[in-house]
>>> print(open('target32.cif').read())   # mmCIF, C-alpha atoms and all ligand atoms
data_run
#
loop_
_atom_site.label_atom_id
_atom_site.label_comp_id
_atom_site.auth_asym_id
_atom_site.auth_seq_id
_atom_site.Cartn_x
_atom_site.Cartn_y
_atom_site.Cartn_z
CA MET A 1 144.61 104.26 159.77
CA GLN A 2 143.44 106.29 156.76
CA LYS A 3 144.52 109.95 156.97
CA TYR A 4 141.75 112.50 157.49
CA ILE A 5 142.19 115.87 155.77
CA VAL A 6 139.57 118.46 156.69
CA GLY A 7 139.21 122.03 155.42
CA ASN A 8 137.86 124.76 157.67
CA TRP A 9 136.52 127.65 155.61
CA LYS A 10 135.77 129.76 158.69
CA MET A 11 133.75 132.92 157.80
CA ASN A 12 134.61 132.70 154.10
CA GLY A 13 132.46 131.73 151.15
CA THR A 14 129.33 132.76 149.31
CA SER A 15 127.41 131.23 146.42
CA SER A 16 130.15 132.34 144.02
CA ASP A 17 132.45 129.80 145.72
CA LEU A 18 130.28 126.74 145.02
CA GLN A 19 132.39 125.95 141.99
CA GLU A 20 135.54 125.93 144.11
CA ILE A 21 133.84 123.59 146.60
CA SER A 22 132.94 121.35 143.71
CA ALA A 23 136.60 121.30 142.59
CA ILE A 24 137.57 120.28 146.14
CA ALA A 25 134.87 117.58 146.16
CA ALA A 26 136.38 116.20 142.94
CA LEU A 27 139.65 115.62 144.84
CA ALA A 28 137.87 113.11 147.05
CA THR A 29 137.27 110.85 144.06
CA GLN A 30 140.84 111.35 142.85
CA TYR A 31 142.34 110.38 146.23
CA PRO A 32 140.19 107.52 147.58
CA LEU A 33 142.86 106.53 150.12
CA VAL A 34 142.41 109.80 152.01
CA ASP A 35 139.26 110.80 153.93
CA ILE A 36 138.53 114.35 152.85
CA ALA A 37 135.94 116.78 154.19
CA ILE A 38 135.26 120.49 154.16
CA CYS A 39 133.56 122.49 156.91
CA LEU A 40 131.64 125.42 155.45
CA PRO A 41 129.77 128.45 156.76
CA ALA A 42 126.24 127.31 157.68
CA THR A 43 124.75 129.41 154.88
CA LEU A 44 126.47 127.35 152.19
CA ILE A 45 125.98 123.83 153.51
CA ALA A 46 122.57 123.00 152.01
CA ARG A 47 123.48 124.30 148.57
CA ALA A 48 126.83 122.51 148.57
CA THR A 49 125.42 119.18 149.73
CA ALA A 50 122.54 119.39 147.22
CA SER A 51 125.00 119.45 144.33
CA MET A 52 127.68 117.22 145.95
CA PRO A 53 125.70 114.64 147.93
CA ASP A 54 128.57 112.13 148.11
CA PHE A 55 131.15 114.54 149.50
CA ALA A 56 131.61 114.98 153.27
CA ILE A 57 130.52 118.51 154.11
CA GLY A 58 130.34 119.80 157.66
CA GLY A 59 129.59 122.75 159.89
CA GLN A 60 132.03 124.64 162.09
CA ASP A 61 130.03 124.60 165.33
CA CYS A 62 126.64 123.53 166.68
CA HIS A 63 124.45 124.27 169.68
CA HIS A 64 124.06 121.61 172.36
CA GLU A 65 120.28 121.75 172.18
CA VAL A 66 118.02 120.55 169.40
CA SER A 67 115.91 123.72 169.13
CA GLY A 68 114.70 126.69 171.15
CA ALA A 69 115.37 130.30 172.09
CA HIS A 70 119.02 130.60 170.99
CA THR A 71 119.13 133.42 168.47
CA GLY A 72 121.72 132.96 165.77
CA CYS A 73 122.63 129.39 166.71
CA VAL A 74 122.45 126.24 164.60
CA SER A 75 121.53 122.88 166.14
CA PRO A 76 122.94 119.47 165.18
CA PRO A 77 119.65 118.30 163.59
CA MET A 78 119.64 121.51 161.52
CA LEU A 79 123.11 120.66 160.22
CA VAL A 80 121.93 117.14 159.41
CA ASP A 81 118.86 118.58 157.69
CA ALA A 82 121.18 120.73 155.54
CA GLY A 83 123.07 117.59 154.51
CA ALA A 84 126.11 117.93 156.80
CA THR A 85 127.75 114.77 158.09
CA LEU A 86 130.24 116.31 160.49
CA THR A 87 131.06 119.42 162.46
CA ILE A 88 134.06 121.08 164.04
CA ILE A 89 133.55 121.78 167.76
CA GLY A 90 135.54 123.95 170.16
CA HIS A 91 137.80 125.65 167.61
CA SER A 92 140.13 128.05 169.44
CA GLU A 93 138.47 130.99 167.67
CA ARG A 94 135.19 129.95 169.32
CA ARG A 95 136.85 129.24 172.66
CA SER A 96 138.22 132.82 172.61
CA ASP A 97 135.60 134.84 170.67
CA GLN A 98 132.51 133.06 172.04
CA TYR A 99 133.98 132.13 175.44
CA GLU A 100 133.23 128.44 174.93
CA THR A 101 134.25 126.26 177.87
CA ASN A 102 135.29 122.61 177.91
CA ALA A 103 131.87 121.77 179.37
CA ASN A 104 130.06 123.59 176.51
CA ILE A 105 132.20 121.79 173.99
CA CYS A 106 131.62 118.39 175.59
CA ALA A 107 127.84 118.99 175.52
CA LYS A 108 128.03 120.03 171.86
CA ALA A 109 129.97 116.90 170.94
CA SER A 110 127.36 114.71 172.65
CA ALA A 111 124.53 116.57 170.92
CA ALA A 112 126.25 116.27 167.55
CA HIS A 113 126.67 112.53 168.07
CA ALA A 114 123.03 112.14 169.13
CA ALA A 115 122.00 113.77 165.83
CA GLY A 116 124.25 111.45 163.82
CA LEU A 117 127.09 113.88 163.09
CA LYS A 118 130.79 113.13 163.34
CA SER A 119 132.77 115.65 165.37
CA ILE A 120 136.24 117.10 165.34
CA VAL A 121 136.96 118.49 168.81
CA CYS A 122 139.77 121.06 168.89
CA VAL A 123 142.33 121.62 171.61
CA GLY A 124 145.45 123.79 171.71
CA GLU A 125 147.59 126.07 173.82
CA THR A 126 148.34 129.79 173.41
CA LEU A 127 151.89 131.03 172.92
CA ALA A 128 151.99 132.39 176.48
CA GLU A 129 150.99 128.97 177.79
CA ARG A 130 153.68 127.26 175.68
CA ASP A 131 156.31 129.79 176.75
CA ALA A 132 155.35 129.15 180.37
CA GLY A 133 155.94 125.41 179.88
CA GLN A 134 152.22 124.66 180.31
CA ALA A 135 151.35 123.39 176.82
CA LEU A 136 150.91 119.72 177.78
CA GLU A 137 148.95 120.50 180.93
CA ILE A 138 146.60 122.90 179.10
CA VAL A 139 145.96 120.65 176.12
CA LEU A 140 145.45 117.50 178.19
CA GLY A 141 143.10 119.42 180.49
CA GLN A 142 141.06 120.62 177.50
CA LEU A 143 140.98 117.07 176.16
CA GLU A 144 139.77 115.66 179.48
CA GLY A 145 136.99 118.25 179.80
CA SER A 146 135.87 118.44 176.17
CA LEU A 147 135.37 114.79 175.25
CA PRO A 148 132.21 112.90 176.21
CA ASP A 149 132.68 109.63 178.15
CA ASP A 150 131.14 107.58 175.35
CA ALA A 151 133.44 108.90 172.60
CA THR A 152 134.42 106.34 169.98
CA ALA A 153 136.61 106.48 166.90
CA ASP A 154 133.54 106.05 164.66
CA TRP A 155 132.32 109.55 165.33
CA LEU A 156 134.99 111.50 167.12
CA SER A 157 138.34 112.95 166.06
CA VAL A 158 140.57 115.35 167.94
CA ALA A 159 142.44 118.28 166.37
CA TYR A 160 145.54 119.58 168.11
CA GLU A 161 145.82 123.20 167.01
CA PRO A 162 148.36 125.39 168.78
CA VAL A 163 146.58 128.77 168.84
CA TRP A 164 149.77 130.63 167.90
CA ALA A 165 150.16 128.53 164.74
CA ILE A 166 146.67 129.20 163.36
CA GLY A 167 146.77 131.56 160.39
CA THR A 168 150.26 132.81 161.28
CA GLY A 169 152.50 130.78 158.97
CA ARG A 170 154.34 129.47 162.05
CA ILE A 171 154.37 125.80 162.97
CA PRO A 172 155.77 124.05 166.04
CA ASP A 173 159.00 122.05 165.91
CA GLU A 174 158.53 118.51 164.70
CA SER A 175 159.53 117.21 168.14
CA ASP A 176 156.90 119.37 169.87
CA VAL A 177 154.16 118.05 167.56
CA ALA A 178 155.37 114.48 168.19
CA GLU A 179 155.42 115.02 171.96
CA MET A 180 151.92 116.52 172.02
CA HIS A 181 150.31 113.93 169.75
CA PHE A 182 151.92 111.12 171.77
CA ALA A 183 150.60 112.63 175.01
CA ILE A 184 147.10 112.98 173.49
CA ARG A 185 147.21 109.37 172.26
CA LYS A 186 148.28 108.16 175.69
CA GLN A 187 145.40 110.00 177.36
CA LEU A 188 142.89 108.73 174.79
CA ILE A 189 144.00 105.14 175.37
CA SER A 190 143.95 105.48 179.12
CA ARG A 191 140.40 106.88 178.99
CA PHE A 192 138.83 105.00 176.05
CA GLY A 193 140.89 101.79 175.84
CA SER A 194 141.19 100.30 172.36
CA ASN A 195 138.95 103.05 170.97
CA GLY A 196 141.56 105.53 172.07
CA GLU A 197 144.04 103.83 169.75
CA MET A 198 141.75 104.49 166.77
CA ILE A 199 140.49 108.03 167.45
CA ARG A 200 142.19 110.15 164.81
CA ILE A 201 144.35 113.02 166.02
CA LEU A 202 144.65 115.79 163.43
CA TYR A 203 147.26 118.53 163.48
CA GLY A 204 146.06 122.06 162.63
CA GLY A 205 147.88 125.37 162.32
CA SER A 206 149.41 126.75 159.11
CA MET A 207 149.56 123.35 157.41
CA ASN A 208 150.24 123.83 153.70
CA GLY A 209 151.58 122.08 150.63
CA GLU A 210 155.16 122.66 151.73
CA ASN A 211 155.04 121.38 155.30
CA ALA A 212 152.28 118.74 155.03
CA SER A 213 154.58 115.79 154.21
CA MET A 214 156.72 116.47 157.26
CA LEU A 215 153.77 117.04 159.60
CA LEU A 216 151.75 114.05 158.37
CA ALA A 217 154.73 111.71 158.78
CA ILE A 218 154.99 112.40 162.53
CA PRO A 219 153.75 109.44 164.60
CA ASN A 220 150.15 109.87 165.83
CA VAL A 221 149.43 112.64 163.30
CA ASP A 222 146.45 111.05 161.58
CA GLY A 223 145.49 113.98 159.40
CA GLY A 224 145.14 117.72 159.28
CA LEU A 225 142.63 120.49 159.95
CA ILE A 226 143.42 123.20 157.45
CA GLY A 227 142.18 126.77 157.25
CA GLY A 228 143.75 129.10 154.69
CA ALA A 229 145.19 126.37 152.48
CA SER A 230 141.77 124.71 152.09
CA LEU A 231 140.13 127.66 150.37
CA THR A 232 141.09 126.56 146.87
CA ALA A 233 141.51 123.13 145.31
CA VAL A 234 144.90 124.22 143.99
CA LYS A 235 146.25 124.93 147.49
CA PHE A 236 144.42 122.02 149.13
CA GLU A 237 145.47 119.28 146.71
CA PRO A 238 149.19 119.13 147.67
CA ILE A 239 148.19 118.49 151.29
CA ILE A 240 145.87 115.67 150.21
CA LYS A 241 148.62 114.30 147.98
CA ALA A 242 151.02 114.32 150.93
CA ALA A 243 148.44 112.41 152.98
CA ALA A 244 147.97 109.86 150.21
C1 LIG B 1 142.16 126.33 161.39
O1 LIG B 1 141.39 127.23 161.13
O2 LIG B 1 141.76 125.38 162.04
C2 LIG B 1 143.53 126.43 160.89
C3 LIG B 1 144.38 125.48 161.20
O3 LIG B 1 143.83 127.52 160.11
P1 LIG B 1 145.17 127.74 159.24
O4 LIG B 1 145.42 126.46 158.49
O5 LIG B 1 144.84 128.88 158.34
O6 LIG B 1 146.26 128.03 160.20
#
>>> encode(input="target32.cif", output="structure tokens")
Amino acid sequence: MQKYIVGNWKMNGTSSDLQEISAIAALATQYPLVDIAICLPATLIARATASMPDFAIGGQDCHHEVSGAHTGCVSPPMLVDAGATLTIIGHSERRSDQYETNANICAKASAAHAAGLKSIVCVGETLAERDAGQALEIVLGQLEGSLPDDATADWLSVAYEPVWAIGTGRIPDESDVAEMHFAIRKQLISRFGSNGEMIRILYGGSMNGENASMLLAIPNVDGGLIGGASLTAVKFEPIIKAAA
């Protein structure tokens, strides 16, 4: 399975960053054995895809409806119209800041698929949940509720992102990542059969050039979702190199 390395720019980036995005896009040609994508703020997508039409550029969320009275929201067909080919859905920052539920996220993933977008659906436990010994139960519950019944490996990936590891510089023990990714794989296979074997499971949370080789070598870690270390080509490249 080819590794999938995806940058999440969150609420960062203006037109002055288009050159940096172009430097990241150039990495995709340098490392053809890695699938690379970058998920940008909605305001930058059309300009980035216009100048880099062959590079996979995505959004960071979408609405579950095609159009209508939803002030401030962006629909899947709008992302497609801007040139996006994928979107992140259910990032923990949206689950907490925008109160997104598993049902919302599942509807968004279906809507994204209907519009022709690939999706990366995020799951992950808080530190309190891990400390209480509930990490597996929480993550597997999110997975069950957030994935549509017709999910296939062609258009869906899962990102396991422990909330307490995002942007903190902390990462889980290798054995905890292995345990969680194995449990996710098992649930994907039990629900989706052979498709569940192929759905890529990304790890996210403070992945960087120093820890990427270790994290990406763990069984069932099929790539990474990267925030801070995806903001420049210089910081992103070592992660891609580790995946290659
Ligand atoms: C993320 O935003 O999904 C993420 C993993 O961020 P960071 O790499 O900065 O922890």
>>> residues_near_ligand(input="target32.cif", ligand="ligand LIG 1 (chain B)", cutoff="10 Å", atoms="all atoms listed in the file", output="mmCIF file with C-alpha atoms, in the frame of the given file")
data_model
loop_
_atom_site.group_PDB
_atom_site.id
_atom_site.type_symbol
_atom_site.label_atom_id
_atom_site.label_comp_id
_atom_site.auth_asym_id
_atom_site.auth_seq_id
_atom_site.Cartn_x
_atom_site.Cartn_y
_atom_site.Cartn_z
ATOM 1 C CA VAL A 6 139.570 118.460 156.690
ATOM 2 C CA GLY A 7 139.210 122.030 155.420
ATOM 3 C CA ASN A 8 137.860 124.760 157.670
ATOM 4 C CA TRP A 9 136.520 127.650 155.610
ATOM 5 C CA LYS A 10 135.770 129.760 158.690
ATOM 6 C CA GLN A 60 132.030 124.640 162.090
ATOM 7 C CA ILE A 88 134.060 121.080 164.040
ATOM 8 C CA HIS A 91 137.800 125.650 167.610
ATOM 9 C CA SER A 92 140.130 128.050 169.440
ATOM 10 C CA GLU A 93 138.470 130.990 167.670
ATOM 11 C CA CYS A 122 139.770 121.060 168.890
ATOM 12 C CA ALA A 159 142.440 118.280 166.370
ATOM 13 C CA TYR A 160 145.540 119.580 168.110
ATOM 14 C CA GLU A 161 145.820 123.200 167.010
ATOM 15 C CA PRO A 162 148.360 125.390 168.780
ATOM 16 C CA VAL A 163 146.580 128.770 168.840
ATOM 17 C CA TRP A 164 149.770 130.630 167.900
ATOM 18 C CA ALA A 165 150.160 128.530 164.740
ATOM 19 C CA ILE A 166 146.670 129.200 163.360
ATOM 20 C CA GLY A 167 146.770 131.560 160.390
ATOM 21 C CA THR A 168 150.260 132.810 161.280
ATOM 22 C CA GLY A 169 152.500 130.780 158.970
ATOM 23 C CA ARG A 170 154.340 129.470 162.050
ATOM 24 C CA ILE A 171 154.370 125.800 162.970
ATOM 25 C CA LEU A 202 144.650 115.790 163.430
ATOM 26 C CA TYR A 203 147.260 118.530 163.480
ATOM 27 C CA GLY A 204 146.060 122.060 162.630
ATOM 28 C CA GLY A 205 147.880 125.370 162.320
ATOM 29 C CA SER A 206 149.410 126.750 159.110
ATOM 30 C CA MET A 207 149.560 123.350 157.410
ATOM 31 C CA ASN A 208 150.240 123.830 153.700
ATOM 32 C CA GLY A 224 145.140 117.720 159.280
ATOM 33 C CA LEU A 225 142.630 120.490 159.950
ATOM 34 C CA ILE A 226 143.420 123.200 157.450
ATOM 35 C CA GLY A 227 142.180 126.770 157.250
ATOM 36 C CA GLY A 228 143.750 129.100 154.690
ATOM 37 C CA ALA A 229 145.190 126.370 152.480
ATOM 38 C CA SER A 230 141.770 124.710 152.090
ATOM 39 C CA LEU A 231 140.130 127.660 150.370
#
>>> closest_residue(input="target32.cif", among="A:Asp176, A:Asp149, A:Asp54, A:Glu237", to="A:Gly196", atoms="all atoms listed in the file")
A:Asp149
>>> closest_residue(input="target32.cif", among="A:Leu140, A:Leu79, A:Ile24, A:Ala217", to="A:Ala46", atoms="all atoms listed in the file")
A:Leu79
>>> residues_around(input="target32.cif", residues="A:Leu215", least_positions_apart="3", cutoff="9 Å", atoms="only C-alpha atoms", output="NGL selection string")
:A and (174 or 177 or 203 or 207 or 211-212 or 218 or 221 or 223-224)
>>> write_last_selection(input="target32.cif", atoms="C-alpha atoms", output="PDB file, in the coordinates of the input")
ATOM      1  CA  GLU A 174     158.530 118.510 164.700  1.00  0.00           C
ATOM      2  CA  VAL A 177     154.160 118.050 167.560  1.00  0.00           C
ATOM      3  CA  TYR A 203     147.260 118.530 163.480  1.00  0.00           C
ATOM      4  CA  MET A 207     149.560 123.350 157.410  1.00  0.00           C
ATOM      5  CA  ASN A 211     155.040 121.380 155.300  1.00  0.00           C
ATOM      6  CA  ALA A 212     152.280 118.740 155.030  1.00  0.00           C
ATOM      7  CA  ILE A 218     154.990 112.400 162.530  1.00  0.00           C
ATOM      8  CA  VAL A 221     149.430 112.640 163.300  1.00  0.00           C
ATOM      9  CA  GLY A 223     145.490 113.980 159.400  1.00  0.00           C
ATOM     10  CA  GLY A 224     145.140 117.720 159.280  1.00  0.00           C
TER      11      GLY A 224
END
>>> closest_residue(input="target32.cif", among="A:Glu197, A:Asp173, A:Asp131, A:Glu125", to="A:Asp154", atoms="all atoms listed in the file")
A:Glu197
>>> residues_around(input="target32.cif", residues="A:Leu27", least_positions_apart="3", cutoff="9 Å", atoms="only C-alpha atoms", output="PyMOL selection string")
chain A and resi 22-24+30-32+36+233+237+240
>>> residues_around(input="target32.cif", residues="A:Pro76", least_positions_apart="3", cutoff="10 Å", atoms="all atoms listed in the file", output="JSON, numbers by chain")
{"A": [59, 61, 62, 63, 64, 65, 66, 67, 79, 80, 81, 82, 84, 85, 86, 87, 108, 109, 110, 111, 112, 113, 114, 115, 116, 117]}
>>> closest_residue(input="target32.cif", among="A:Ile57, A:Leu136, A:Ala244, A:Val158", to="A:Met180", atoms="only C-alpha atoms")
A:Leu136
>>> residues_around(input="target32.cif", residues="A:Gln187", least_positions_apart="2", cutoff="10 Å", atoms="only C-alpha atoms", output="PyMOL selection string")
chain A and resi 140+143-144+181-185+189-193+196-197
>>> closest_residue(input="target32.cif", among="A:Ala242, A:Leu188, A:Met1, A:Ile199", to="A:Ala153", atoms="all atoms listed in the file")
A:Ile199
>>> atom_distance(input="target32.cif", atom1="atom CA of A:Asp150", atom2="atom CA of A:Asn102")
15.8 Å
>>> atom_distance(input="target32.cif", atom1="atom CA of A:Leu156", atom2="atom CA of A:Pro172")
24.3 Å
>>> atom_distance(input="target32.cif", atom1="atom CA of A:Ser157", atom2="atom CA of A:Ile201")
6.0 Å
>>> closest_residue(input="target32.cif", among="A:Ala28, A:Val139, A:Ala243, A:Ala56", to="A:Lys118", atoms="all atoms listed in the file")
A:Ala56
>>> axis_aligned_box(input="target32.cif", around="stretch 179-195 of chain A", padding_each_side="8 Å", output="lines of an AutoDock Vina configuration file")
center_x = 147.1
center_y = 108.4
center_z = 174.4
size_x = 32.6
size_y = 32.2
size_z = 25.4
